[in-house]
Structure formats: structure tokens, C-alpha cells
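Asks: You'll find entry.pdb just under this line, and it carries PDB, C-alpha atoms, pLDDT in the B column.
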```pdb
ATOM      1  CA  MET A 133       2.288  -1.223  -0.505  1.00 70.00           C
ATOM      2  CA  LEU A 134       3.918  -2.363  -3.738  1.00 75.00           C
ATOM      3  CA  PRO A 135       4.025  -6.067  -2.774  1.00 78.00           C
ATOM      4  CA  HIS A 136       0.223  -5.938  -2.488  1.00 82.00           C
ATOM      5  CA  LEU A 137      -0.386  -4.219  -5.824  1.00 87.00           C
ATOM      6  CA  ASP A 138      -1.443  -7.444  -7.589  1.00 89.00           C
ATOM      7  CA  ALA A 139      -4.002  -8.216  -4.883  1.00 90.00           C
ATOM      8  CA  ALA A 140      -5.313  -4.650  -5.118  1.00 91.00           C
ATOM      9  CA  TYR A 141      -5.711  -4.912  -8.881  1.00 92.00           C
ATOM     10  CA  ASN A 142      -7.365  -8.326  -8.629  1.00 90.00           C
ATOM     11  CA  LEU A 143      -9.988  -7.030  -6.193  1.00 91.00           C
ATOM     12  CA  ALA A 144     -10.573  -3.890  -8.249  1.00 90.00           C
ATOM     13  CA  ARG A 145     -10.934  -5.936 -11.435  1.00 90.00           C
ATOM     14  CA  TRP A 146     -13.594  -8.183  -9.890  1.00 87.00           C
ATOM     15  CA  LEU A 147     -15.485  -5.288  -8.332  1.00 88.00           C
ATOM     16  CA  MET A 148     -15.407  -3.037 -11.386  1.00 87.00           C
ATOM     17  CA  ARG A 149     -15.776  -5.723 -14.100  1.00 83.00           C
ATOM     18  CA  ASP A 150     -13.698  -3.554 -16.429  1.00 83.00           C
ATOM     19  CA  ARG A 151      -9.935  -3.321 -16.819  1.00 87.00           C
ATOM     20  CA  ALA A 152      -9.804   0.420 -17.456  1.00 88.00           C
ATOM     21  CA  ALA A 153     -12.035   1.174 -14.473  1.00 88.00           C
ATOM     22  CA  ALA A 154      -9.974  -1.206 -12.308  1.00 90.00           C
ATOM     23  CA  ASP A 155      -6.786   0.593 -13.380  1.00 92.00           C
ATOM     24  CA  ASP A 156      -8.343   3.905 -12.348  1.00 92.00           C
ATOM     25  CA  VAL A 157      -9.507   2.516  -9.004  1.00 92.00           C
ATOM     26  CA  VAL A 158      -6.093   1.034  -8.189  1.00 93.00           C
ATOM     27  CA  GLN A 159      -4.324   4.234  -9.188  1.00 93.00           C
ATOM     28  CA  GLU A 160      -6.621   6.305  -6.979  1.00 92.00           C
ATOM     29  CA  ALA A 161      -6.336   3.805  -4.104  1.00 92.00           C
ATOM     30  CA  MET A 162      -2.532   3.744  -4.292  1.00 92.00           C
ATOM     31  CA  LEU A 163      -2.462   7.532  -4.300  1.00 91.00           C
ATOM     32  CA  ARG A 164      -4.637   7.558  -1.172  1.00 90.00           C
ATOM     33  CA  ALA A 165      -2.583   4.805   0.479  1.00 90.00           C
ATOM     34  CA  LEU A 166       0.706   6.581  -0.161  1.00 88.00           C
ATOM     35  CA  THR A 167      -0.755   9.905   0.959  1.00 89.00           C
ATOM     36  CA  TYR A 168      -1.966   8.493   4.273  1.00 85.00           C
ATOM     37  CA  PHE A 169       0.742   5.878   4.811  1.00 85.00           C
ATOM     38  CA  ALA A 170       2.329   7.908   7.613  1.00 83.00           C
ATOM     39  CA  SER A 171      -0.913   7.609   9.607  1.00 84.00           C
ATOM     40  CA  PHE A 172      -1.116   3.802   9.158  1.00 82.00           C
ATOM     41  CA  LYS A 173      -0.962   2.213  12.607  1.00 83.00           C
ATOM     42  CA  GLY A 174      -2.048  -1.358  11.877  1.00 78.00           C
ATOM     43  CA  ASP A 175      -0.033  -4.505  11.376  1.00 81.00           C
ATOM     44  CA  ASN A 176      -1.686  -5.775   8.179  1.00 84.00           C
ATOM     45  CA  GLY A 177      -0.808  -3.508   5.261  1.00 84.00           C
ATOM     46  CA  ARG A 178      -2.464  -5.804   2.738  1.00 88.00           C
ATOM     47  CA  ALA A 179      -5.861  -5.630   4.445  1.00 89.00           C
ATOM     48  CA  TRP A 180      -5.483  -1.858   4.837  1.00 90.00           C
ATOM     49  CA  LEU A 181      -4.727  -1.394   1.130  1.00 91.00           C
ATOM     50  CA  LEU A 182      -7.552  -3.713   0.051  1.00 92.00           C
ATOM     51  CA  GLN A 183      -9.963  -1.742   2.214  1.00 91.00           C
ATOM     52  CA  ILE A 184      -8.870   1.452   0.456  1.00 92.00           C
ATOM     53  CA  VAL A 185      -9.331  -0.270  -2.932  1.00 93.00           C
ATOM     54  CA  ARG A 186     -12.784  -1.444  -1.893  1.00 91.00           C
ATOM     55  CA  ASN A 187     -13.819   2.012  -0.694  1.00 90.00           C
ATOM     56  CA  THR A 188     -12.487   3.610  -3.866  1.00 91.00           C
ATOM     57  CA  ALA A 189     -14.358   1.105  -6.032  1.00 90.00           C
ATOM     58  CA  TYR A 190     -17.603   1.690  -4.170  1.00 88.00           C
ATOM     59  CA  ALA A 191     -17.122   5.439  -4.488  1.00 87.00           C
ATOM     60  CA  SER A 192     -16.969   4.953  -8.248  1.00 83.00           C
ATOM     61  CA  ASN A 193     -20.272   5.277 -10.042  1.00 62.00           C
ATOM     62  CA  ALA A 194     -19.743   2.148 -12.142  1.00 52.00           C
ATOM     63  CA  VAL A 195     -20.192  -0.266  -9.215  1.00 54.00           C
ATOM     64  CA  HIS A 196     -23.349   1.398  -7.957  1.00 51.00           C
ATOM     65  CA  ARG A 197     -24.977   1.689 -11.385  1.00 56.00           C
ATOM     66  CA  GLY A 198     -24.214  -1.911 -12.273  1.00 51.00           C
ATOM     67  CA  VAL A 199     -22.568  -0.855 -15.525  1.00 48.00           C
ATOM     68  CA  GLN A 200     -20.748  -3.612 -17.316  1.00 50.00           C
ATOM     69  CA  LEU A 201     -18.465  -2.334 -20.073  1.00 46.00           C
ATOM     70  CA  VAL A 202     -17.124  -4.766 -22.644  1.00 41.00           C
ATOM     71  CA  PRO A 203     -14.169  -3.540 -24.673  1.00 44.00           C
ATOM     72  CA  ILE A 204     -14.406  -4.282 -28.373  1.00 40.00           C
ATOM     73  CA  GLY A 205     -12.106  -7.114 -29.392  1.00 46.00           C
ATOM     74  CA  ASP A 206     -11.276  -8.121 -25.827  1.00 50.00           C
ATOM     75  CA  ALA A 207      -9.539 -11.490 -25.713  1.00 56.00           C
ATOM     76  CA  GLU A 208     -11.660 -12.495 -22.700  1.00 57.00           C
ATOM     77  CA  GLU A 209     -14.941 -12.411 -24.602  1.00 53.00           C
ATOM     78  CA  PRO A 210     -16.837 -15.694 -24.285  1.00 53.00           C
ATOM     79  CA  GLY A 211     -16.000 -18.059 -27.103  1.00 51.00           C
ATOM     80  CA  VAL A 212     -12.962 -16.112 -28.287  1.00 52.00           C
ATOM     81  CA  VAL A 213      -9.739 -18.101 -28.381  1.00 51.00           C
ATOM     82  CA  THR A 214      -6.431 -16.292 -28.678  1.00 52.00           C
ATOM     83  CA  ALA A 215      -3.001 -17.560 -29.674  1.00 49.00           C
ATOM     84  CA  ASP A 216      -1.960 -17.382 -26.007  1.00 54.00           C
ATOM     85  CA  ASP A 217      -4.722 -19.889 -25.197  1.00 49.00           C
ATOM     86  CA  LEU A 218      -3.103 -22.435 -27.470  1.00 46.00           C
ATOM     87  CA  VAL A 219       0.353 -22.247 -25.903  1.00 52.00           C
ATOM     88  CA  ALA A 220       0.684 -24.542 -22.909  1.00 52.00           C
ATOM     89  CA  GLU A 221       3.246 -26.963 -21.703  1.00 58.00           C
ATOM     90  CA  GLY A 222       2.196 -30.590 -21.660  1.00 59.00           C
ATOM     91  CA  ASP A 223      -1.297 -30.147 -23.116  1.00 56.00           C
ATOM     92  CA  ASP A 224      -2.391 -30.488 -26.677  1.00 57.00           C
ATOM     93  CA  PRO A 225      -4.242 -27.484 -28.196  1.00 54.00           C
ATOM     94  CA  GLU A 226      -7.679 -29.102 -27.784  1.00 52.00           C
ATOM     95  CA  ALA A 227      -7.181 -29.714 -24.046  1.00 58.00           C
ATOM     96  CA  THR A 228      -5.827 -26.195 -23.607  1.00 57.00           C
ATOM     97  CA  VAL A 229      -8.865 -24.661 -25.321  1.00 53.00           C
ATOM     98  CA  MET A 230     -11.220 -26.754 -23.189  1.00 54.00           C
ATOM     99  CA  LYS A 231      -9.449 -25.629 -19.984  1.00 61.00           C
ATOM    100  CA  SER A 232      -9.491 -21.990 -21.047  1.00 60.00           C
ATOM    101  CA  GLN A 233     -13.210 -22.158 -21.898  1.00 63.00           C
ATOM    102  CA  GLY A 234     -13.894 -23.707 -18.475  1.00 72.00           C
ATOM    103  CA  ALA A 235     -11.963 -20.930 -16.751  1.00 75.00           C
ATOM    104  CA  ARG A 236     -13.878 -18.312 -18.736  1.00 80.00           C
ATOM    105  CA  GLN A 237     -17.131 -19.988 -17.755  1.00 83.00           C
ATOM    106  CA  VAL A 238     -16.232 -19.884 -14.053  1.00 83.00           C
ATOM    107  CA  ARG A 239     -15.168 -16.224 -14.377  1.00 85.00           C
ATOM    108  CA  GLY A 240     -18.532 -15.511 -15.983  1.00 86.00           C
ATOM    109  CA  TRP A 241     -20.370 -17.183 -13.115  1.00 87.00           C
ATOM    110  CA  ILE A 242     -18.367 -15.162 -10.586  1.00 89.00           C
ATOM    111  CA  GLU A 243     -19.013 -11.934 -12.492  1.00 88.00           C
ATOM    112  CA  ALA A 244     -22.738 -12.718 -12.479  1.00 89.00           C
ATOM    113  CA  LEU A 245     -22.812 -12.821  -8.678  1.00 91.00           C
ATOM    114  CA  PRO A 246     -24.094  -9.729  -6.883  1.00 91.00           C
ATOM    115  CA  VAL A 247     -21.209  -7.540  -5.722  1.00 89.00           C
ATOM    116  CA  GLU A 248     -21.913  -8.239  -2.032  1.00 92.00           C
ATOM    117  CA  LEU A 249     -21.352 -11.975  -2.692  1.00 93.00           C
ATOM    118  CA  ARG A 250     -18.600 -11.608  -5.288  1.00 92.00           C
ATOM    119  CA  GLU A 251     -16.432  -9.416  -3.067  1.00 91.00           C
ATOM    120  CA  PRO A 252     -15.943 -11.828  -0.121  1.00 93.00           C
ATOM    121  CA  LEU A 253     -15.556 -14.755  -2.545  1.00 92.00           C
ATOM    122  CA  VAL A 254     -12.706 -13.020  -4.382  1.00 91.00           C
ATOM    123  CA  LEU A 255     -11.055 -11.970  -1.124  1.00 91.00           C
ATOM    124  CA  ARG A 256     -11.264 -15.489   0.342  1.00 93.00           C
ATOM    125  CA  GLU A 257     -10.680 -17.795  -2.623  1.00 89.00           C
ATOM    126  CA  MET A 258      -8.376 -15.701  -4.795  1.00 87.00           C
ATOM    127  CA  GLU A 259      -6.585 -13.500  -2.286  1.00 88.00           C
ATOM    128  CA  GLU A 260      -6.671 -16.184   0.444  1.00 90.00           C
ATOM    129  CA  LEU A 261      -7.573 -13.756   3.211  1.00 91.00           C
ATOM    130  CA  SER A 262      -8.937 -14.986   6.531  1.00 93.00           C
ATOM    131  CA  TYR A 263     -12.547 -14.409   7.544  1.00 95.00           C
ATOM    132  CA  LYS A 264     -11.357 -11.817  10.058  1.00 93.00           C
ATOM    133  CA  GLU A 265      -9.364  -9.930   7.422  1.00 92.00           C
ATOM    134  CA  ILE A 266     -12.375  -9.946   5.098  1.00 94.00           C
ATOM    135  CA  ALA A 267     -14.590  -8.687   7.924  1.00 94.00           C
ATOM    136  CA  ASP A 268     -12.100  -5.896   8.641  1.00 92.00           C
ATOM    137  CA  ILE A 269     -11.896  -4.876   4.984  1.00 90.00           C
ATOM    138  CA  THR A 270     -15.635  -4.960   4.305  1.00 91.00           C
ATOM    139  CA  LYS A 271     -16.688  -3.685   7.742  1.00 92.00           C
ATOM    140  CA  ILE A 272     -19.205  -6.495   8.200  1.00 93.00           C
ATOM    141  CA  PRO A 273     -19.377  -9.133  10.969  1.00 95.00           C
ATOM    142  CA  ILE A 274     -17.527 -12.420  10.489  1.00 95.00           C
ATOM    143  CA  GLY A 275     -20.847 -14.292  10.540  1.00 95.00           C
ATOM    144  CA  THR A 276     -22.059 -12.204   7.608  1.00 96.00           C
ATOM    145  CA  VAL A 277     -18.807 -12.917   5.754  1.00 95.00           C
ATOM    146  CA  MET A 278     -19.346 -16.636   6.310  1.00 95.00           C
ATOM    147  CA  SER A 279     -22.985 -16.544   5.180  1.00 95.00           C
ATOM    148  CA  ARG A 280     -22.144 -14.511   2.067  1.00 95.00           C
ATOM    149  CA  LEU A 281     -19.389 -16.968   1.177  1.00 95.00           C
ATOM    150  CA  TRP A 282     -21.810 -19.858   1.659  1.00 95.00           C
ATOM    151  CA  ARG A 283     -24.416 -18.177  -0.573  1.00 95.00           C
ATOM    152  CA  ALA A 284     -21.826 -17.339  -3.253  1.00 93.00           C
ATOM    153  CA  ARG A 285     -20.499 -20.892  -3.303  1.00 93.00           C
ATOM    154  CA  ARG A 286     -24.034 -22.278  -3.440  1.00 94.00           C
ATOM    155  CA  LEU A 287     -24.897 -20.048  -6.424  1.00 93.00           C
ATOM    156  CA  LEU A 288     -21.713 -21.145  -8.212  1.00 90.00           C
ATOM    157  CA  ALA A 289     -22.567 -24.793  -7.598  1.00 90.00           C
ATOM    158  CA  GLN A 290     -26.095 -24.230  -8.915  1.00 91.00           C
ATOM    159  CA  ALA A 291     -24.701 -22.567 -12.044  1.00 88.00           C
ATOM    160  CA  ALA A 292     -22.337 -25.502 -12.592  1.00 86.00           C
ATOM    161  CA  ARG A 293     -25.152 -28.039 -12.142  1.00 87.00           C
ATOM    162  CA  SER A 294     -27.468 -26.207 -14.522  1.00 86.00           C
ATOM    163  CA  GLU A 295     -24.669 -25.936 -17.075  1.00 81.00           C
ATOM    164  CA  ALA A 296     -23.987 -29.670 -16.775  1.00 77.00           C
ATOM    165  CA  ARG A 297     -27.607 -30.396 -17.671  1.00 77.00           C
TER     166      ARG A 297
END
```
With the file now loaded, output its structure as C-alpha cells.
Replies:
Amino acid sequence: MLPHLDAAYNLARWLMRDRAAADDVVQEAMLRALTYFASFKGDNGRAWLLQIVRNTAYASNAVHRGVQLVPIGDAEEPGVVTADDLVAEGDDPEATVMKSQGARQVRGWIEALPVELREPLVLREMEELSYKEIADITKIPIGTVMSRLWRARRLLAQAARSEAR
């Protein structure tokens, strides 16, 4: 399970929208995964762990209430540039800041998506899972996975077009 810990945290972070809550979800999911590892009969441990992370996140009240916590002084706040943002190989500081602001903007658009669209998008585009693996994790048909991905991508494109105006 340890090789898949980064993927588990990434999914939890996008579902929970809060680092502390994501840490709690991953810790609980890993505890469950290690507890029930002896009963694991599948061939895809990554999908199995991500399903546990997903179930743990949905069991948390924060996802269902739509709570979005913003830590005070978080370096990922919109418009905040940290010293780490200015350190990059090959780019001047201005280009680095512009890239980091663009990445923050895209993260904001993804966070604004409803959880049922954000979840398959993160699993497909960031974790590079197949449609079948996403369907297995989310317990929805492959066709629904495909339509949710299409809707999520369309909403992101609309956000980018409206921002460009």
C-alpha cells in the first residue's frame, strides 16, 4: 500500500479541499487498508486503496456539508506568492510567478467543480487511472464516468474562456 500513498493523499486532498482533513482521511484509510489487507483478493491494490480513501472521505462530514476550510496564512491562497514560487530553473522570476498563478487558477477551477465531477477528473487526469478503474473505485458505470469527465472538462473549458474575456 505504501507505493500508492501519494495517490491516496492526492485524491483525499481534492475531495476534502483541506490538507488537515485529507491527512485524517488518508490516515483512516490506511488503517482500514492495513487492517483488511489479508482479505484483499484483487489484482489492483491501487484501485482498492483509492476506493477505501474515497469511502472514508465520503463518510467524513466535511464532504457532505460542502465545508471549505481555508487555513490562515496558507501559501496556496489566491494571489499569494511565496519564495518557493520564485525559485525555478531556466525561468526568470516573472515567468515563474505567471506559471504559478496559472496553476493556482486551474486548481481553483477544479475545486469549484461539484464533487461528483471533480472526483473522476482527478482520478483520470492526475492519477492516470483507466475508465474501468475509475468505475470500480466509484461504483458507477463506465458510461457515467465518461459523461462526468466530459462535463467536468466542458466546465473547465468554459471557466477558461470566461477568464480569457
Asks: For the provided coordinates, the residues matched by the PyMOL selection byres ((chain A and resi 261-264) around 9) should be stated as an mmCIF file with C-alpha atoms, in the frame of the given file.
Replies:
```cif
data_model
loop_
_atom_site.group_PDB
_atom_site.id
_atom_site.type_symbol
_atom_site.label_atom_id
_atom_site.label_comp_id
_atom_site.auth_asym_id
_atom_site.auth_seq_id
_atom_site.Cartn_x
_atom_site.Cartn_y
_atom_site.Cartn_z
ATOM 1 C CA ALA A 179 -5.861 -5.630 4.445
ATOM 2 C CA PRO A 252 -15.943 -11.828 -0.121
ATOM 3 C CA LEU A 255 -11.055 -11.970 -1.124
ATOM 4 C CA ARG A 256 -11.264 -15.489 0.342
ATOM 5 C CA GLU A 257 -10.680 -17.795 -2.623
ATOM 6 C CA MET A 258 -8.376 -15.701 -4.795
ATOM 7 C CA GLU A 259 -6.585 -13.500 -2.286
ATOM 8 C CA GLU A 260 -6.671 -16.184 0.444
ATOM 9 C CA GLU A 265 -9.364 -9.930 7.422
ATOM 10 C CA ILE A 266 -12.375 -9.946 5.098
ATOM 11 C CA ALA A 267 -14.590 -8.687 7.924
ATOM 12 C CA ASP A 268 -12.100 -5.896 8.641
ATOM 13 C CA ILE A 269 -11.896 -4.876 4.984
ATOM 14 C CA PRO A 273 -19.377 -9.133 10.969
ATOM 15 C CA ILE A 274 -17.527 -12.420 10.489
ATOM 16 C CA GLY A 275 -20.847 -14.292 10.540
ATOM 17 C CA VAL A 277 -18.807 -12.917 5.754
ATOM 18 C CA MET A 278 -19.346 -16.636 6.310
#
```
Asks: Convert the output of the PyMOL selection byres ((chain A and resi 279-286) around 8) on the shown file into explicit residues, formatted as a ChimeraX atom specification.
Replies: /A:245,248-250,252-253,275-278,287-290
Asks: For a test of reading the model, state the distance in Å between CA of Ala235 in chain A and CA of Ala144 in chain A, rounded to one decimal.
Replies: 19.1 Å
Asks: Let me make sure I understand: among A:Leu166, A:Glu251, A:Gln237, A:Arg178, which one has the smallest atom-to-atom distance to Leu143 in chain A if we use only C-alpha atoms?
Replies: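 Counting only C-alpha atoms, the residue closest to Leu143 in chain A is A:Glu251.
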Asks: Could you state the separation of CA of Pro246 in chain A and CA of Val185 in chain A in Å, given to one decimal place?
Replies: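 If I compute the distance from CA of Pro246 in chain A to CA of Val185 in chain A, I get 18.0 Å.
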Asks: Separation of CA of Asp150 in chain A and CA of Lys271 in chain A, in Å?
Replies: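 CA of Lys271 in chain A lies at a distance of 24.4 Å from CA of Asp150 in chain A.
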Asks: Which is closest to Thr167 in chain A among A:Ala189, A:Ala140, A:Leu147, A:Met133, if we use all atoms listed in the file?
Replies: A:Met133
Asks: Taking only C-alpha atoms into account, which of A:Arg293, A:Tyr190, A:Ala165, A:Gly174 comes nearest His136 in chain A?
Replies: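 Result for the nearest residue to His136 in chain A: A:Ala165.
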Asks: Kindly compute an axis-aligned box around the listed atoms of range 275-292 of chain A, allowing 6 Å on each side, and express its centre and edge lengths in Å to one decimal as lines of an AutoDock Vina configuration file.
Replies:
```
center_x = -22.5
center_y = -18.9
center_z = -1.0
size_x = 19.3
size_y = 25.3
size_z = 35.1
```
Asks: Which residue gives the smallest distance to Ala291 in chain A among A:Ala154, A:Ala244, A:Ile272, A:Val254, with only C-alpha atoms counted?
Replies: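 Checking each of A:Ala154, A:Ala244, A:Ile272, A:Val254 against Ala291 in chain A, counting only C-alpha atoms, the winner is A:Ala244.
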Asks: When distances are computed from only C-alpha atoms, which of A:Met148, A:Ile242, A:Ala296, A:Leu134 shows the smallest separation from Leu181 in chain A?
Replies: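 Among the listed residues, the smallest separation from Leu181 in chain A belongs to A:Leu134.
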Asks: With all atoms listed in the file as the basis for distance, which of A:Phe172, A:Tyr141, A:Trp180, A:Trp146 is at the shortest distance from Arg239 in chain A?
Replies: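 Among A:Phe172, A:Tyr141, A:Trp180, A:Trp146, it is A:Trp146 that comes nearest to Arg239 in chain A.
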